[in-house]
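Enquirer: Next comes the structure file final-v6.tsv, holding TSV, N, CA and C atoms.
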```tsv
chain	number	residue	atom	x	y	z
A	263	MET	N	-3.55	-42.21	-80.39
A	263	MET	CA	-4.62	-41.65	-79.61
A	263	MET	C	-4.76	-42.47	-78.33
A	264	ALA	N	-4.74	-41.80	-77.20
A	264	ALA	CA	-4.85	-42.48	-75.90
A	264	ALA	C	-6.31	-42.82	-75.63
A	265	GLN	N	-6.50	-44.00	-75.10
A	265	GLN	CA	-7.85	-44.43	-74.77
A	265	GLN	C	-8.12	-44.06	-73.32
A	266	GLY	N	-9.22	-43.42	-73.06
A	266	GLY	CA	-9.58	-43.03	-71.71
A	266	GLY	C	-10.44	-44.09	-71.04
A	267	TYR	N	-10.53	-44.00	-69.74
A	267	TYR	CA	-11.39	-44.92	-68.99
A	267	TYR	C	-11.99	-44.17	-67.81
A	268	ASP	N	-13.09	-44.67	-67.38
A	268	ASP	CA	-13.81	-44.07	-66.28
A	268	ASP	C	-13.23	-44.61	-64.96
A	269	THR	N	-12.70	-43.76	-64.13
A	269	THR	CA	-12.07	-44.21	-62.88
A	269	THR	C	-13.08	-44.81	-61.92
A	270	ASP	N	-14.34	-44.44	-62.02
A	270	ASP	CA	-15.35	-45.03	-61.14
A	270	ASP	C	-15.55	-46.51	-61.46
A	271	GLN	N	-15.41	-46.89	-62.71
A	271	GLN	CA	-15.56	-48.28	-63.09
A	271	GLN	C	-14.27	-49.07	-62.85
A	272	ALA	N	-13.11	-48.42	-63.00
A	272	ALA	CA	-11.84	-49.11	-62.82
A	272	ALA	C	-11.57	-49.42	-61.36
A	273	PHE	N	-11.99	-48.53	-60.48
A	273	PHE	CA	-11.77	-48.70	-59.04
A	273	PHE	C	-13.10	-48.58	-58.31
A	274	PRO	N	-13.85	-49.69	-58.25
A	274	PRO	CA	-15.16	-49.62	-57.61
A	274	PRO	C	-15.00	-49.37	-56.10
A	275	PRO	N	-15.99	-48.70	-55.51
A	275	PRO	CA	-15.90	-48.46	-54.07
A	275	PRO	C	-15.91	-49.76	-53.28
A	276	LEU	N	-15.23	-49.77	-52.15
A	276	LEU	CA	-15.09	-50.98	-51.35
A	276	LEU	C	-16.20	-51.16	-50.33
A	277	GLY	N	-17.13	-50.29	-50.29
A	277	GLY	CA	-18.21	-50.40	-49.31
A	277	GLY	C	-17.91	-49.54	-48.10
A	278	ALA	N	-18.48	-49.91	-46.98
A	278	ALA	CA	-18.32	-49.12	-45.77
A	278	ALA	C	-16.88	-49.17	-45.28
A	279	ARG	N	-16.34	-48.03	-44.93
A	279	ARG	CA	-14.99	-47.96	-44.39
A	279	ARG	C	-15.03	-48.24	-42.90
A	280	THR	N	-14.00	-48.91	-42.44
A	280	THR	CA	-13.90	-49.22	-41.03
A	280	THR	C	-12.89	-48.28	-40.40
A	281	ASP	N	-13.24	-47.75	-39.25
A	281	ASP	CA	-12.33	-46.88	-38.53
A	281	ASP	C	-11.10	-47.69	-38.12
A	282	THR	N	-9.92	-47.10	-38.28
A	282	THR	CA	-8.67	-47.80	-37.97
A	282	THR	C	-8.61	-48.21	-36.51
A	283	GLY	N	-9.05	-47.37	-35.62
A	283	GLY	CA	-9.06	-47.70	-34.19
A	283	GLY	C	-9.96	-48.88	-33.89
A	284	THR	N	-11.10	-48.95	-34.54
A	284	THR	CA	-12.01	-50.07	-34.34
A	284	THR	C	-11.39	-51.36	-34.84
A	285	LEU	N	-10.78	-51.31	-36.01
A	285	LEU	CA	-10.14	-52.50	-36.56
A	285	LEU	C	-8.99	-52.96	-35.67
A	286	PHE	N	-8.18	-52.01	-35.18
A	286	PHE	CA	-7.08	-52.35	-34.30
A	286	PHE	C	-7.59	-52.96	-33.00
A	287	GLY	N	-8.66	-52.40	-32.46
A	287	GLY	CA	-9.24	-52.92	-31.23
A	287	GLY	C	-9.77	-54.34	-31.39
A	288	GLN	N	-10.44	-54.59	-32.51
A	288	GLN	CA	-10.95	-55.93	-32.77
A	288	GLN	C	-9.80	-56.93	-32.93
A	289	THR	N	-8.75	-56.52	-33.62
A	289	THR	CA	-7.60	-57.40	-33.82
A	289	THR	C	-6.93	-57.72	-32.49
A	290	MET	N	-6.73	-56.71	-31.66
A	290	MET	CA	-6.10	-56.94	-30.35
A	290	MET	C	-7.00	-57.78	-29.45
A	291	GLY	N	-8.30	-57.65	-29.60
A	291	GLY	CA	-9.22	-58.50	-28.85
A	291	GLY	C	-9.07	-59.96	-29.25
A	292	LEU	N	-8.96	-60.21	-30.55
A	292	LEU	CA	-8.76	-61.59	-31.02
A	292	LEU	C	-7.41	-62.14	-30.56
A	293	VAL	N	-6.38	-61.30	-30.56
A	293	VAL	CA	-5.07	-61.73	-30.08
A	293	VAL	C	-5.14	-62.08	-28.59
A	294	ALA	N	-5.85	-61.26	-27.82
A	294	ALA	CA	-5.96	-61.50	-26.38
A	294	ALA	C	-6.70	-62.80	-26.09
A	295	VAL	N	-7.80	-63.05	-26.80
A	295	VAL	CA	-8.56	-64.28	-26.58
A	295	VAL	C	-7.72	-65.49	-26.98
A	296	THR	N	-7.00	-65.39	-28.10
A	296	THR	CA	-6.16	-66.50	-28.54
A	296	THR	C	-5.04	-66.76	-27.54
A	297	ALA	N	-4.44	-65.69	-27.00
A	297	ALA	CA	-3.39	-65.85	-25.99
A	297	ALA	C	-3.94	-66.46	-24.71
A	298	ALA	N	-5.15	-66.08	-24.34
A	298	ALA	CA	-5.77	-66.67	-23.15
A	298	ALA	C	-6.03	-68.16	-23.37
A	299	LEU	N	-6.47	-68.53	-24.56
A	299	LEU	CA	-6.68	-69.94	-24.86
A	299	LEU	C	-5.37	-70.71	-24.93
A	300	PHE	N	-4.30	-70.05	-25.39
A	300	PHE	CA	-2.97	-70.65	-25.34
A	300	PHE	C	-2.60	-70.98	-23.89
A	301	THR	N	-2.85	-70.04	-23.01
A	301	THR	CA	-2.55	-70.25	-21.59
A	301	THR	C	-3.41	-71.37	-21.01
A	302	LEU	N	-4.68	-71.39	-21.36
A	302	LEU	CA	-5.57	-72.45	-20.90
A	302	LEU	C	-5.08	-73.81	-21.40
A	303	GLY	N	-4.69	-73.88	-22.67
A	303	GLY	CA	-4.17	-75.13	-23.21
A	303	GLY	C	-2.91	-75.58	-22.50
A	304	ALA	N	-2.05	-74.64	-22.17
A	304	ALA	CA	-0.83	-74.97	-21.44
A	304	ALA	C	-1.17	-75.50	-20.04
A	305	TYR	N	-2.17	-74.90	-19.41
A	305	TYR	CA	-2.58	-75.36	-18.08
A	305	TYR	C	-3.18	-76.76	-18.14
A	306	LEU	N	-4.02	-76.99	-19.14
A	306	LEU	CA	-4.67	-78.30	-19.26
A	306	LEU	C	-3.68	-79.41	-19.58
A	307	ALA	N	-2.59	-79.08	-20.25
A	307	ALA	CA	-1.64	-80.11	-20.69
A	307	ALA	C	-0.48	-80.31	-19.73
A	308	ARG	N	-0.54	-79.74	-18.57
A	308	ARG	CA	0.61	-79.78	-17.67
A	308	ARG	C	0.97	-81.19	-17.23
A	309	ASN	N	0.05	-82.15	-17.29
A	309	ASN	CA	0.33	-83.50	-16.84
A	309	ASN	C	0.34	-84.53	-17.98
A	310	LEU	N	0.32	-84.08	-19.23
A	310	LEU	CA	0.33	-85.02	-20.36
A	310	LEU	C	1.75	-85.49	-20.65
A	311	SER	N	1.85	-86.68	-21.21
A	311	SER	CA	3.16	-87.21	-21.57
A	311	SER	C	3.62	-86.59	-22.89
A	312	GLY	N	4.92	-86.69	-23.14
A	312	GLY	CA	5.51	-86.06	-24.31
A	312	GLY	C	5.09	-86.64	-25.65
A	313	GLY	N	4.56	-87.85	-25.67
A	313	GLY	CA	4.15	-88.47	-26.92
A	313	GLY	C	2.99	-87.77	-27.60
A	314	TRP	N	2.23	-87.02	-26.85
A	314	TRP	CA	1.08	-86.32	-27.41
A	314	TRP	C	1.47	-85.07	-28.19
A	315	GLY	N	2.71	-84.64	-28.09
A	315	GLY	CA	3.14	-83.40	-28.73
A	315	GLY	C	2.90	-83.38	-30.23
A	316	VAL	N	3.23	-84.46	-30.91
A	316	VAL	CA	3.06	-84.52	-32.36
A	316	VAL	C	1.59	-84.43	-32.74
A	317	VAL	N	0.74	-85.08	-31.98
A	317	VAL	CA	-0.70	-85.06	-32.26
A	317	VAL	C	-1.24	-83.64	-32.17
A	318	PHE	N	-0.87	-82.93	-31.11
A	318	PHE	CA	-1.37	-81.57	-30.94
A	318	PHE	C	-0.76	-80.60	-31.94
A	319	TRP	N	0.50	-80.84	-32.33
A	319	TRP	CA	1.13	-79.98	-33.33
A	319	TRP	C	0.43	-80.14	-34.68
A	320	ILE	N	0.14	-81.37	-35.09
A	320	ILE	CA	-0.55	-81.62	-36.35
A	320	ILE	C	-1.97	-81.05	-36.31
A	321	ALA	N	-2.65	-81.20	-35.18
A	321	ALA	CA	-4.00	-80.64	-35.06
A	321	ALA	C	-3.98	-79.12	-35.13
A	322	SER	N	-3.00	-78.49	-34.50
A	322	SER	CA	-2.93	-77.02	-34.55
A	322	SER	C	-2.60	-76.55	-35.96
A	323	LEU	N	-1.73	-77.26	-36.65
A	323	LEU	CA	-1.42	-76.91	-38.04
A	323	LEU	C	-2.66	-77.07	-38.92
A	324	GLY	N	-3.43	-78.12	-38.68
A	324	GLY	CA	-4.68	-78.31	-39.41
A	324	GLY	C	-5.66	-77.16	-39.19
A	325	CYS	N	-5.77	-76.70	-37.95
A	325	CYS	CA	-6.64	-75.55	-37.65
A	325	CYS	C	-6.17	-74.30	-38.39
A	326	LEU	N	-4.87	-74.07	-38.38
A	326	LEU	CA	-4.34	-72.89	-39.04
A	326	LEU	C	-4.57	-72.92	-40.54
A	327	LEU	N	-4.36	-74.07	-41.16
A	327	LEU	CA	-4.59	-74.18	-42.60
A	327	LEU	C	-6.08	-74.10	-42.95
A	328	ALA	N	-6.92	-74.63	-42.08
A	328	ALA	CA	-8.36	-74.59	-42.34
A	328	ALA	C	-8.91	-73.17	-42.25
A	329	THR	N	-8.29	-72.31	-41.45
A	329	THR	CA	-8.77	-70.93	-41.37
A	329	THR	C	-8.66	-70.24	-42.72
A	330	ASN	N	-7.64	-70.59	-43.49
A	330	ASN	CA	-7.48	-70.01	-44.82
A	330	ASN	C	-8.61	-70.43	-45.75
A	331	LEU	N	-9.14	-71.62	-45.55
A	331	LEU	CA	-10.22	-72.10	-46.41
A	331	LEU	C	-11.59	-71.58	-45.99
A	332	THR	N	-11.76	-71.30	-44.71
A	332	THR	CA	-13.08	-70.91	-44.22
A	332	THR	C	-13.28	-69.41	-44.07
A	333	VAL	N	-12.24	-68.62	-44.30
A	333	VAL	CA	-12.32	-67.19	-44.02
A	333	VAL	C	-13.40	-66.50	-44.86
A	334	ARG	N	-13.65	-66.96	-46.05
A	334	ARG	CA	-14.67	-66.32	-46.91
A	334	ARG	C	-16.07	-66.88	-46.70
A	335	GLN	N	-16.18	-68.06	-46.11
A	335	GLN	CA	-17.49	-68.69	-45.96
A	335	GLN	C	-18.16	-68.36	-44.63
A	336	SER	N	-17.42	-68.49	-43.54
A	336	SER	CA	-18.05	-68.38	-42.23
A	336	SER	C	-17.11	-67.71	-41.23
A	337	THR	N	-17.52	-66.58	-40.72
A	337	THR	CA	-16.73	-65.87	-39.72
A	337	THR	C	-16.67	-66.67	-38.43
A	338	GLN	N	-17.79	-67.24	-38.02
A	338	GLN	CA	-17.82	-67.99	-36.76
A	338	GLN	C	-16.91	-69.21	-36.81
A	339	LEU	N	-16.92	-69.94	-37.92
A	339	LEU	CA	-16.07	-71.11	-38.05
A	339	LEU	C	-14.60	-70.70	-38.07
A	340	THR	N	-14.28	-69.61	-38.75
A	340	THR	CA	-12.90	-69.13	-38.79
A	340	THR	C	-12.42	-68.73	-37.40
A	341	LEU	N	-13.27	-68.04	-36.64
A	341	LEU	CA	-12.89	-67.67	-35.27
A	341	LEU	C	-12.73	-68.90	-34.39
A	342	GLY	N	-13.61	-69.87	-34.57
A	342	GLY	CA	-13.49	-71.12	-33.82
A	342	GLY	C	-12.18	-71.84	-34.12
A	343	LEU	N	-11.79	-71.84	-35.38
A	343	LEU	CA	-10.52	-72.47	-35.77
A	343	LEU	C	-9.33	-71.69	-35.23
A	344	LEU	N	-9.43	-70.36	-35.23
A	344	LEU	CA	-8.36	-69.53	-34.65
A	344	LEU	C	-8.20	-69.82	-33.17
A	345	PHE	N	-9.32	-69.88	-32.46
A	345	PHE	CA	-9.26	-70.14	-31.02
A	345	PHE	C	-8.81	-71.57	-30.75
A	346	GLY	N	-9.23	-72.52	-31.59
A	346	GLY	CA	-8.74	-73.89	-31.46
A	346	GLY	C	-7.25	-73.97	-31.69
A	347	PHE	N	-6.75	-73.20	-32.65
A	347	PHE	CA	-5.31	-73.13	-32.90
A	347	PHE	C	-4.58	-72.64	-31.66
A	348	GLY	N	-5.08	-71.58	-31.04
A	348	GLY	CA	-4.44	-71.06	-29.84
A	348	GLY	C	-4.40	-72.10	-28.72
A	349	LEU	N	-5.50	-72.78	-28.51
A	349	LEU	CA	-5.57	-73.80	-27.46
A	349	LEU	C	-4.61	-74.96	-27.75
A	350	LEU	N	-4.62	-75.44	-28.98
A	350	LEU	CA	-3.78	-76.58	-29.34
A	350	LEU	C	-2.30	-76.24	-29.32
A	351	VAL	N	-1.94	-75.03	-29.71
A	351	VAL	CA	-0.54	-74.63	-29.64
A	351	VAL	C	-0.09	-74.52	-28.19
A	352	GLY	N	-0.97	-74.06	-27.33
A	352	GLY	CA	-0.64	-74.03	-25.90
A	352	GLY	C	-0.40	-75.41	-25.34
A	353	VAL	N	-1.24	-76.36	-25.72
A	353	VAL	CA	-1.06	-77.74	-25.28
A	353	VAL	C	0.26	-78.28	-25.82
A	354	TRP	N	0.51	-78.05	-27.11
A	354	TRP	CA	1.73	-78.55	-27.72
A	354	TRP	C	2.97	-77.95	-27.05
A	355	ALA	N	2.92	-76.66	-26.76
A	355	ALA	CA	4.09	-76.00	-26.18
A	355	ALA	C	4.47	-76.63	-24.85
A	356	ILE	N	3.51	-76.93	-24.01
A	356	ILE	CA	3.83	-77.51	-22.71
A	356	ILE	C	4.24	-78.98	-22.86
A	357	VAL	N	3.54	-79.72	-23.70
A	357	VAL	CA	3.88	-81.13	-23.90
A	357	VAL	C	5.28	-81.24	-24.51
A	358	HIS	N	5.59	-80.33	-25.41
A	358	HIS	CA	6.88	-80.37	-26.10
A	358	HIS	C	8.03	-79.92	-25.21
A	359	GLY	N	7.74	-79.18	-24.17
A	359	GLY	CA	8.78	-78.79	-23.24
A	359	GLY	C	9.24	-77.35	-23.36
A	360	VAL	N	8.41	-76.50	-23.90
A	360	VAL	CA	8.77	-75.09	-24.01
A	360	VAL	C	8.89	-74.47	-22.62
A	361	GLY	N	8.19	-75.03	-21.65
A	361	GLY	CA	8.30	-74.53	-20.29
A	361	GLY	C	9.72	-74.62	-19.76
A	362	GLU	N	10.44	-75.63	-20.17
A	362	GLU	CA	11.83	-75.77	-19.74
A	362	GLU	C	12.70	-74.65	-20.31
A	363	ILE	N	12.39	-74.24	-21.52
A	363	ILE	CA	13.15	-73.15	-22.13
A	363	ILE	C	12.92	-71.86	-21.35
A	364	PHE	N	11.66	-71.58	-21.01
A	364	PHE	CA	11.37	-70.37	-20.24
A	364	PHE	C	11.99	-70.44	-18.85
A	365	ALA	N	12.00	-71.62	-18.26
A	365	ALA	CA	12.57	-71.76	-16.93
A	365	ALA	C	14.07	-71.47	-16.95
A	366	ALA	N	14.74	-71.78	-18.04
A	366	ALA	CA	16.17	-71.53	-18.13
A	366	ALA	C	16.50	-70.05	-18.10
A	367	PHE	N	15.55	-69.22	-18.49
A	367	PHE	CA	15.78	-67.78	-18.51
A	367	PHE	C	15.11	-67.06	-17.36
A	368	SER	N	14.70	-67.77	-16.37
A	368	SER	CA	14.03	-67.13	-15.25
A	368	SER	C	15.02	-66.29	-14.45
A	369	VAL	N	14.51	-65.36	-13.73
A	369	VAL	CA	15.34	-64.46	-12.93
A	369	VAL	C	16.09	-65.24	-11.86
A	370	ARG	N	15.44	-66.19	-11.26
A	370	ARG	CA	16.06	-66.98	-10.20
A	370	ARG	C	17.26	-67.74	-10.73
A	371	GLU	N	17.09	-68.36	-11.89
A	371	GLU	CA	18.19	-69.12	-12.47
A	371	GLU	C	19.33	-68.20	-12.88
A	372	THR	N	19.01	-67.03	-13.39
A	372	THR	CA	20.04	-66.08	-13.76
A	372	THR	C	20.85	-65.66	-12.54
A	373	GLY	N	20.17	-65.45	-11.41
A	373	GLY	CA	20.89	-65.11	-10.17
A	373	GLY	C	21.80	-66.23	-9.72
A	374	ARG	N	21.35	-67.45	-9.83
A	374	ARG	CA	22.18	-68.59	-9.45
A	374	ARG	C	23.42	-68.70	-10.34
A	375	ARG	N	23.23	-68.47	-11.62
A	375	ARG	CA	24.38	-68.54	-12.53
A	375	ARG	C	25.38	-67.44	-12.21
A	376	ALA	N	24.87	-66.27	-11.88
A	376	ALA	CA	25.78	-65.16	-11.53
A	376	ALA	C	26.55	-65.49	-10.26
A	377	GLU	N	25.91	-66.11	-9.28
A	377	GLU	CA	26.60	-66.48	-8.05
A	377	GLU	C	27.69	-67.51	-8.32
A	378	ARG	N	27.41	-68.45	-9.23
A	378	ARG	CA	28.41	-69.46	-9.55
A	378	ARG	C	29.61	-68.85	-10.26
A	379	LEU	N	29.35	-67.85	-11.12
A	379	LEU	CA	30.43	-67.21	-11.83
A	379	LEU	C	31.32	-66.38	-10.91
A	380	VAL	N	30.67	-65.68	-9.99
A	380	VAL	CA	31.42	-64.84	-9.05
A	380	VAL	C	32.18	-65.69	-8.06
A	381	GLY	N	31.62	-66.78	-7.69
A	381	GLY	CA	32.33	-67.72	-6.86
A	381	GLY	C	31.97	-67.76	-5.47
```
Just give me the structure of the file as structure tokens.

Expert:
Amino acid sequence: MAQGYDTDQAFPPLGARTDTGTLFGQTMGLVAVTAALFTLGAYLARNLSGGWGVVFWIASLGCLLATNLTVRQSTQLTLGLLFGFGLLVGVWAIVHGVGEIFAAFSVRETGRRAERLVG
């Protein structure tokens, strides 16, 4: 004999549904703010020495791991950690020398390489 169950009890309602467009808009807003803070961090770190790279990398990793712990307790703290992560990764990227990688692929450099190849 098969035992039945009430589907209302097995799958409780999740509460208010969020419109997909609203959720996507909020997510893209958070991505934009984090990217802007990444840029700000890169600008602020333009004159720092390379020794600071490890410090900022560890701090950014700490922010990222802490967001996992705070996501259920405090939305404001989680957002602050997310934005701190963006800022610290921007600082780390410039201190570490990621700017040199991007410069190697610039249009100007590509033109110079093509001129050297052509002769």

Enquirer: What is the atom N of Ala297 (chain A) to atom C of Val353 (chain A) distance in Å?

Expert: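 Computing the Euclidean distance for atom N of Ala297 (chain A) and atom C of Val353 (chain A) yields 13.5 Å.
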
Enquirer: Tell me, as number ranges by chain, which residues lie within 7 Å of region 338-352 of chain A, counting all atoms listed in the file; anything in the same chain fewer than 5 positions away does not count.

Expert: A: 295-305, 307, 318-319, 321-323, 325-326, 328-329, 332-333, 357

Enquirer: Can you work out the spacing between CA of Gly359 (chain A) and CA of Asn330 (chain A) in Å, to one decimal?

Expert: 28.4 Å

Enquirer: Box along x, y and z, 8 Å on every side, all listed atoms of region 282-301 of chain A inside: centre and edge lengths in Å to one decimal, as AutoDock Vina command-line options.

Expert:
```
--center_x -7.3 --center_y -59.2 --center_z -29.6 --size_x 25.5 --size_y 40.3 --size_z 33.3
```

Enquirer: Pick from A:Val317, A:Gly291, A:Ser336, A:Leu331: nearest to Ala355 (chain A), with only C-alpha atoms counted?

Expert: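 Selected residue with least distance to Ala355 (chain A): A:Val317.
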
Enquirer: How many Å separate CA of Trp354 (chain A) from CA of Val293 (chain A)?

Expert: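 Rounded to one decimal, the two atoms are 18.3 Å apart.
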
Enquirer: Please identify which residues in region 300-356 of chain A DSSP calls helix (DSSP H, G or I) from the backbone, and express them as a ChimeraX atom specification.

Expert: /A:300-306,312-332,337-356
